[in-house]
Amino acid sequence: MPLLTIATFLPVVGALVLMVLPDRTARTVHGLSIGVTGLTFLLTLAIWAGGIVPGSFAQVEELAWIPTIGAAYRLGVDGLSLPLVLLTSLLFFLSAIYSARLKARAATFVVLMLMLETASLGAFMALDALLFYVFFEVSLVGMYFMIAGWGHEDRRRAALMFFLYTLLGSLPLLLAILGLYLSSGTFDMRVWIDTPPLSGLAAMLALVAMLFTFAIKIPSFPVHTWLPAAHVQAPTVGSVILAGVMLKFGTYGLVRFALQMTPEAFTKAGVVILAFGVISAIYGAFAALAQSDLKKMVAYTSVNHMGYIVMGVAVAALTMDPEIRAVALDGATLQMVSHGLVTGALFFLVGMLQDRAHSREMADFGGLLGRVPWLGWAFILSAFASLGLPGLAHFPAEFQIFLATLQTQPWAVVAILAIVVTAGLYLRSIAQVFLGAVNEKWAAMPDLDRGEKWVIFPLLALTVLIGVAPGVLIDIIHTTMQSLSF
């Protein structure tokens, strides 16, 4: 059974069914959305059960597509892509549950969300570079309309900025893909990984092109400026998908394309890439500290946490020790997943608070923990996870990244300053919003309802599980990372 294909295209089939469905009431639309995304999540669990193999791609599905140019429909998973596939299907399922409260143009919103899920899953599982690029570009369209159609007051400007940044930024990747194709005669990513077709100046130019594309998508300093506007103006579900899934296109591409397909050039540029990772981590933390808007604060912490991932990948390229390399890449990949869980939870919670108060300004609140304890404690747990508290998801990921960095490039450990700043900004937000004197303006604020608990609790449970027993994912990730050689 082609599980990968079914899981990838089930959401878009659900979208097509919805488009021709005669009964398009909000109840029917959201019921279909939850059913389709829930079944997709179960299919990705079945893919997980199917397992992976060391040093190769597993569960490969292949079909001729454009044989005259060597392009084919190819899907497969390994220890890098499988955790991101699981994360993607989970976040879309929870987003579908959260979206059930949406009444305005619900059918159109759900169609966009389902199409976006297909594009996201396809991007992580594609083994043909041309197919990857198609999925990569389609995802931009879905997110553009989601922000422009259901965002906040300045949504159109933010959507346009997001679209132009990422569309123009993706063109260098297309040039790099064409260069790799002309040197190999195929778009098969497995061939490019096993035998990198470019060397010397050509490889360096391809690397620069890929780095430009993926740096925007990550986003990394200094091409991050589209992110705060997009997050602040996006609807809650848009922010969750953007941070939890779509930013991972950048870090996934950094490993899959830049590191694996141009390893020699990446090693030569490794110190520069590491420096940008360190700068992003520190800058993101200080920029978040400067915010008074909760959502913008969480958005800037994404720049901070994604900077750690860039550091891990760069350290892996700079070391000759395969064990240290595996530790760095294990940590970077685990950080991709933990960031999706933790930041996804934070955006959901900020969205729930905004739905109740119609404000995100921390100064407007105070003493909410006594009024909405479920929401308050959920935010506090997520905030502690985001600042890297031991026992929660970010800690084992960041510990491995900093351990590998200390062993190979000790100067870069200066980025640990960002953890201190992140701790400060989250403690400040907790104190201002949930502790202190009670603002009687919110005396009647309702706590989390049953649907909201169904959205938040799985993310919190996984945050704790990965923090306490990271081997659940690291065993999968390490199977691939220990076999990388370049």
# chains A, B, ... in the order shown; residues from 1 in each chain; ligands from 1

$ residues_around --residues "Gly344 in chain A" --least-positions-apart "5" --cutoff "8 Å" --atoms "only C-alpha atoms" --output "PyMOL selection string"
chain A and resi 91+239-241+243-244+339+459

$ write_last_selection --atoms "C-alpha atoms" --output "compact mmCIF listing (two decimals), in the first residue's frame"
# COMPACT_ATOMS: atom_id res chain seq x y z
CA LEU A 91 -0.20 20.34 13.88
CA SER A 239 0.83 31.42 12.81
CA VAL A 240 0.90 27.84 14.10
CA ILE A 241 1.38 26.34 10.64
CA ALA A 243 6.06 28.57 12.71
CA GLY A 244 5.51 24.89 13.36
CA HIS A 339 10.21 24.15 18.18
CA LEU A 459 1.31 19.50 22.52

$ residues_around --residues "Leu140 in chain A" --least-positions-apart "2" --cutoff "12 Å" --atoms "only C-alpha atoms" --output "PyMOL selection string"
chain A and resi 112-113+115-117+119-120+123+133-138+142-147+159-170+217+238+241-242+246-247+249

$ closest_atom_pairs --of "range 388-445 of chain A" --to "range 311-325 of chain A" --cutoff "10 Å" --atoms "only C-alpha atoms" --output "CSV"
residue,atom,partner,partner_atom,distance
A:Ala397,CA,A:Gly312,CA,9.7
A:Glu398,CA,A:Gly312,CA,8.9
A:Gln400,CA,A:Gly312,CA,8.4
A:Ile401,CA,A:Gly312,CA,5.2
A:Phe402,CA,A:Gly312,CA,7.9
A:Leu403,CA,A:Ile324,CA,8.6
A:Ala404,CA,A:Ile324,CA,5.7
A:Thr405,CA,A:Val315,CA,6.1
A:Leu406,CA,A:Val315,CA,9.6
A:Gln407,CA,A:Ile324,CA,7.9
A:Thr408,CA,A:Thr319,CA,6.4
A:Gln409,CA,A:Val315,CA,7.3
A:Ala412,CA,A:Met311,CA,8.3
A:Val413,CA,A:Met311,CA,9.7
A:Ala415,CA,A:Met311,CA,9.3

$ write_last_selection --atoms "N, CA and C atoms" --output "short mmCIF file (atom, residue, chain, number, x, y, z; two decimals), in the first residue's frame"
data_model
loop_
_atom_site.label_atom_id
_atom_site.label_comp_id
_atom_site.auth_asym_id
_atom_site.auth_seq_id
_atom_site.Cartn_x
_atom_site.Cartn_y
_atom_site.Cartn_z
N ALA A 397 17.50 18.96 22.93
CA ALA A 397 17.93 19.42 21.60
C ALA A 397 19.05 20.44 21.72
N GLU A 398 18.83 21.47 22.53
CA GLU A 398 19.83 22.52 22.66
C GLU A 398 21.08 22.02 23.37
N GLN A 400 22.47 19.08 23.06
CA GLN A 400 23.30 18.39 22.07
C GLN A 400 23.97 19.39 21.12
N ILE A 401 23.23 20.42 20.74
CA ILE A 401 23.82 21.43 19.85
C ILE A 401 24.99 22.13 20.52
N PHE A 402 24.80 22.55 21.76
CA PHE A 402 25.87 23.27 22.46
C PHE A 402 27.02 22.33 22.84
N LEU A 403 26.72 21.07 23.11
CA LEU A 403 27.78 20.11 23.40
C LEU A 403 28.69 19.93 22.20
N ALA A 404 28.10 19.74 21.02
CA ALA A 404 28.90 19.58 19.80
C ALA A 404 29.64 20.88 19.47
N THR A 405 29.00 22.02 19.70
CA THR A 405 29.64 23.31 19.43
C THR A 405 30.84 23.52 20.34
N LEU A 406 30.70 23.20 21.61
CA LEU A 406 31.79 23.38 22.56
C LEU A 406 33.00 22.52 22.21
N GLN A 407 32.76 21.35 21.63
CA GLN A 407 33.85 20.43 21.29
C GLN A 407 34.58 20.82 20.02
N THR A 408 33.94 21.59 19.15
CA THR A 408 34.54 21.89 17.85
C THR A 408 34.78 23.37 17.62
N GLN A 409 33.83 24.21 17.98
CA GLN A 409 33.93 25.66 17.76
C GLN A 409 33.55 26.39 19.05
N ALA A 412 31.67 29.82 19.54
CA ALA A 412 30.26 30.00 19.20
C ALA A 412 29.33 29.76 20.39
N VAL A 413 29.89 29.23 21.48
CA VAL A 413 29.06 28.99 22.67
C VAL A 413 28.58 30.31 23.28
N ALA A 415 26.58 32.04 22.09
CA ALA A 415 25.14 32.06 21.82
C ALA A 415 24.31 31.62 23.02
#

$ residues_around --residues "Pro373 in chain A" --least-positions-apart "5" --cutoff "9 Å" --atoms "only C-alpha atoms" --output "list in words"
Leu368, Ala378, Phe434, Asp447 and Leu448 of chain A

$ residues_around --residues "range 301-305 of chain A" --least-positions-apart "5" --cutoff "7 Å" --atoms "only C-alpha atoms" --output "ChimeraX atom specification"
/A:219-220,280-285,288

$ closest_residue --among "A:Met19, A:Ala393, A:Leu369, A:Leu289" --to "Arg428 in chain A" --atoms "only C-alpha atoms"
A:Leu289

$ closest_residue --among "A:Thr251, A:Thr118, A:Thr40, A:Ser56" --to "Val12 in chain A" --atoms "only C-alpha atoms"
A:Thr118

$ residues_around --residues "Pro222 in chain A" --least-positions-apart "5" --cutoff "9 Å" --atoms "only C-alpha atoms" --output "PyMOL selection string"
chain A and resi 215-216+276+280

$ write_last_selection --atoms "N, CA and C atoms" --output "tab-separated table (two decimals), in the first residue's frame"
chain	number	residue	atom	x	y	z
A	215	ALA	N	17.74	30.64	4.04
A	215	ALA	CA	17.90	31.63	5.11
A	215	ALA	C	16.64	32.48	5.24
A	216	ILE	N	16.01	32.82	4.11
A	216	ILE	CA	14.75	33.57	4.15
A	216	ILE	C	13.66	32.72	4.79
A	276	PHE	N	26.39	33.29	11.35
A	276	PHE	CA	25.02	33.77	11.14
A	276	PHE	C	24.05	33.08	12.10
A	280	SER	N	21.85	35.13	14.75
A	280	SER	CA	20.39	34.97	14.74
A	280	SER	C	19.87	34.59	16.13

$ atom_distance --atom1 "CA of Thr463 in chain A" --atom2 "CA of Gly351 in chain A"
19.2 Å

$ select_by_dssp --residues "range 38-283 of chain A" --states "strand (DSSP E)" --output "ChimeraX atom specification"
/A:58-66,71-77

$ write_last_selection --atoms "C-alpha atoms" --output "short mmCIF file (atom, residue, chain, number, x, y, z; two decimals), in the first residue's frame"
data_model
loop_
_atom_site.label_atom_id
_atom_site.label_comp_id
_atom_site.auth_asym_id
_atom_site.auth_seq_id
_atom_site.Cartn_x
_atom_site.Cartn_y
_atom_site.Cartn_z
CA ALA A 58 12.78 3.87 3.29
CA GLN A 59 9.28 3.14 1.97
CA VAL A 60 10.20 4.67 -1.39
CA GLU A 61 7.38 5.16 -3.92
CA GLU A 62 8.36 5.99 -7.47
CA LEU A 63 6.50 6.62 -10.71
CA ALA A 64 7.54 8.06 -14.07
CA TRP A 65 6.55 11.71 -14.40
CA ILE A 66 8.60 13.58 -17.04
CA ALA A 71 12.06 13.88 -13.40
CA ALA A 72 9.88 11.38 -11.57
CA TYR A 73 7.32 11.20 -8.80
CA ARG A 74 9.48 9.99 -5.93
CA LEU A 75 8.61 9.92 -2.23
CA GLY A 76 10.52 8.43 0.70
CA VAL A 77 11.40 9.04 4.35
#

$ select_by_dssp --residues "range 194-430 of chain A" --states "helix (DSSP H, G or I)" --output "PyMOL selection string"
chain A and resi 194+200-217+226-233+236-261+263-268+270-289+294-318+322-357+362-364+368-370+373-386+394-408+410-430

$ closest_residue --among "A:Ile466, A:Ala275, A:Leu211, A:Leu435" --to "Trp411 in chain A" --atoms "only C-alpha atoms"
A:Ala275

$ residues_around --residues "range 173-183 of chain A" --least-positions-apart "3" --cutoff "12 Å" --atoms "only C-alpha atoms" --output "JSON, numbers by chain"
{"A": [69, 70, 71, 128, 129, 130, 131, 132, 133, 134, 136, 137, 166, 167, 168, 169, 170, 186, 187, 188, 189, 191, 192, 193, 195, 196, 197, 198, 199, 201, 202, 203, 204, 205, 206, 207, 208, 209, 210, 211, 212, 213, 214, 215, 216, 217, 250, 253, 254, 257, 258, 261, 262]}

$ residues_around --residues "Leu341 in chain A" --least-positions-apart "5" --cutoff "12 Å" --atoms "only C-alpha atoms" --output "JSON, numbers by chain"
{"A": [83, 84, 86, 87, 88, 89, 90, 91, 92, 94, 240, 241, 243, 244, 245, 334, 335, 336, 346, 347, 348, 382, 383, 385, 386, 392, 393, 394, 455, 456, 457, 458, 459, 460, 461, 462, 463, 464, 465, 466, 467]}

$ closest_residue --among "A:Lys296, A:Arg450, A:His478, A:His30" --to "Val111 in chain A" --atoms "only C-alpha atoms"
A:His30

$ atom_distance --atom1 "CA of Ala234 in chain A" --atom2 "CA of Val20 in chain A"
27.5 Å

$ decode --residues "range 392-442 of chain A" --atoms "N, CA and C atoms" --output "CSV table (one decimal), in the first residue's frame"
chain,number,residue,atom,x,y,z
A,392,LEU,N,12.0,19.4,29.7
A,392,LEU,CA,11.1,19.8,28.6
A,392,LEU,C,11.8,19.7,27.2
A,393,ALA,N,11.0,19.8,26.2
A,393,ALA,CA,11.5,19.4,24.8
A,393,ALA,C,12.7,20.1,24.3
A,394,HIS,N,12.9,21.4,24.6
A,394,HIS,CA,14.0,22.1,24.0
A,394,HIS,C,15.3,21.7,24.6
A,395,PHE,N,15.3,21.3,25.9
A,395,PHE,CA,16.5,21.1,26.6
A,395,PHE,C,17.4,20.0,25.9
A,396,PRO,N,16.9,18.8,25.6
A,396,PRO,CA,17.8,17.8,25.0
A,396,PRO,C,18.3,18.2,23.7
A,397,ALA,N,17.5,19.0,22.9
A,397,ALA,CA,17.9,19.4,21.6
A,397,ALA,C,19.1,20.4,21.7
A,398,GLU,N,18.8,21.5,22.5
A,398,GLU,CA,19.8,22.5,22.7
A,398,GLU,C,21.1,22.0,23.4
A,399,PHE,N,20.9,21.1,24.3
A,399,PHE,CA,22.1,20.5,25.0
A,399,PHE,C,23.0,19.8,24.0
A,400,GLN,N,22.5,19.1,23.1
A,400,GLN,CA,23.3,18.4,22.1
A,400,GLN,C,24.0,19.4,21.1
A,401,ILE,N,23.2,20.4,20.7
A,401,ILE,CA,23.8,21.4,19.8
A,401,ILE,C,25.0,22.1,20.5
A,402,PHE,N,24.8,22.6,21.8
A,402,PHE,CA,25.9,23.3,22.5
A,402,PHE,C,27.0,22.3,22.8
A,403,LEU,N,26.7,21.1,23.1
A,403,LEU,CA,27.8,20.1,23.4
A,403,LEU,C,28.7,19.9,22.2
A,404,ALA,N,28.1,19.7,21.0
A,404,ALA,CA,28.9,19.6,19.8
A,404,ALA,C,29.6,20.9,19.5
A,405,THR,N,29.0,22.0,19.7
A,405,THR,CA,29.6,23.3,19.4
A,405,THR,C,30.8,23.5,20.3
A,406,LEU,N,30.7,23.2,21.6
A,406,LEU,CA,31.8,23.4,22.6
A,406,LEU,C,33.0,22.5,22.2
A,407,GLN,N,32.8,21.4,21.6
A,407,GLN,CA,33.8,20.4,21.3
A,407,GLN,C,34.6,20.8,20.0
A,408,THR,N,33.9,21.6,19.2
A,408,THR,CA,34.5,21.9,17.9
A,408,THR,C,34.8,23.4,17.6
A,409,GLN,N,33.8,24.2,18.0
A,409,GLN,CA,33.9,25.7,17.8
A,409,GLN,C,33.6,26.4,19.0
A,410,PRO,N,34.4,26.3,20.1
A,410,PRO,CA,34.0,26.8,21.4
A,410,PRO,C,33.6,28.3,21.4
A,411,TRP,N,34.2,29.1,20.5
A,411,TRP,CA,33.8,30.5,20.5
A,411,TRP,C,32.3,30.8,20.2
A,412,ALA,N,31.7,29.8,19.5
A,412,ALA,CA,30.3,30.0,19.2
A,412,ALA,C,29.3,29.8,20.4
A,413,VAL,N,29.9,29.2,21.5
A,413,VAL,CA,29.1,29.0,22.7
A,413,VAL,C,28.6,30.3,23.3
A,414,VAL,N,29.1,31.4,22.8
A,414,VAL,CA,28.6,32.7,23.2
A,414,VAL,C,27.1,32.8,23.0
A,415,ALA,N,26.6,32.0,22.1
A,415,ALA,CA,25.1,32.1,21.8
A,415,ALA,C,24.3,31.6,23.0
A,416,ILE,N,25.0,31.0,24.0
A,416,ILE,CA,24.2,30.6,25.2
A,416,ILE,C,23.7,31.8,25.9
A,417,LEU,N,24.2,33.0,25.7
A,417,LEU,CA,23.7,34.2,26.2
A,417,LEU,C,22.2,34.4,25.9
A,418,ALA,N,21.8,33.9,24.7
A,418,ALA,CA,20.5,34.0,24.2
A,418,ALA,C,19.5,33.2,25.2
A,419,ILE,N,20.0,32.1,25.7
A,419,ILE,CA,19.1,31.4,26.6
A,419,ILE,C,18.8,32.2,27.9
A,420,VAL,N,19.8,32.9,28.4
A,420,VAL,CA,19.5,33.8,29.6
A,420,VAL,C,18.5,34.9,29.2
A,421,VAL,N,18.7,35.5,28.1
A,421,VAL,CA,17.8,36.5,27.7
A,421,VAL,C,16.3,36.0,27.5
A,422,THR,N,16.3,34.8,26.8
A,422,THR,CA,15.0,34.2,26.6
A,422,THR,C,14.3,33.9,28.0
A,423,ALA,N,15.0,33.4,28.9
A,423,ALA,CA,14.5,33.1,30.3
A,423,ALA,C,13.9,34.4,30.8
A,424,GLY,N,14.7,35.5,30.7
A,424,GLY,CA,14.2,36.8,31.2
A,424,GLY,C,12.9,37.3,30.6
A,425,LEU,N,12.8,37.2,29.3
A,425,LEU,CA,11.7,37.7,28.6
A,425,LEU,C,10.4,36.9,28.9
A,426,TYR,N,10.6,35.6,29.1
A,426,TYR,CA,9.4,34.8,29.4
A,426,TYR,C,9.0,35.0,30.8
A,427,LEU,N,9.9,35.1,31.7
A,427,LEU,CA,9.6,35.4,33.1
A,427,LEU,C,8.9,36.7,33.2
A,428,ARG,N,9.3,37.7,32.5
A,428,ARG,CA,8.6,39.0,32.5
A,428,ARG,C,7.2,38.9,31.9
A,429,SER,N,7.0,38.1,30.9
A,429,SER,CA,5.7,38.0,30.3
A,429,SER,C,4.7,37.3,31.3
A,430,ILE,N,5.3,36.2,31.9
A,430,ILE,CA,4.4,35.5,32.9
A,430,ILE,C,4.0,36.4,34.1
A,431,ALA,N,5.0,37.3,34.5
A,431,ALA,CA,4.7,38.2,35.6
A,431,ALA,C,3.7,39.2,35.3
A,432,GLN,N,3.8,39.8,34.1
A,432,GLN,CA,2.9,40.8,33.6
A,432,GLN,C,1.5,40.4,33.3
A,433,VAL,N,1.4,39.2,32.7
A,433,VAL,CA,0.1,38.7,32.2
A,433,VAL,C,-0.6,37.9,33.3
A,434,PHE,N,0.1,37.0,34.0
A,434,PHE,CA,-0.6,36.0,34.8
A,434,PHE,C,-0.4,36.2,36.3
A,435,LEU,N,0.5,37.0,36.7
A,435,LEU,CA,0.8,37.2,38.2
A,435,LEU,C,0.5,38.6,38.6
A,436,GLY,N,0.7,39.0,39.8
A,436,GLY,CA,0.5,40.3,40.3
A,436,GLY,C,-1.0,40.7,40.6
A,437,ALA,N,-1.2,41.9,40.6
A,437,ALA,CA,-2.6,42.4,40.9
A,437,ALA,C,-3.6,42.0,39.8
A,438,VAL,N,-4.7,41.7,40.2
A,438,VAL,CA,-5.8,41.2,39.3
A,438,VAL,C,-6.4,42.5,38.6
A,439,ASN,N,-6.4,42.4,37.3
A,439,ASN,CA,-7.1,43.5,36.5
A,439,ASN,C,-8.6,43.1,36.4
A,440,GLU,N,-9.5,43.8,37.1
A,440,GLU,CA,-10.9,43.4,37.2
A,440,GLU,C,-11.6,43.5,35.9
A,441,LYS,N,-10.9,44.1,34.9
A,441,LYS,CA,-11.5,44.2,33.6
A,441,LYS,C,-11.8,42.8,33.0
A,442,TRP,N,-10.9,41.8,33.5
A,442,TRP,CA,-11.0,40.4,33.0
A,442,TRP,C,-11.6,39.5,34.0
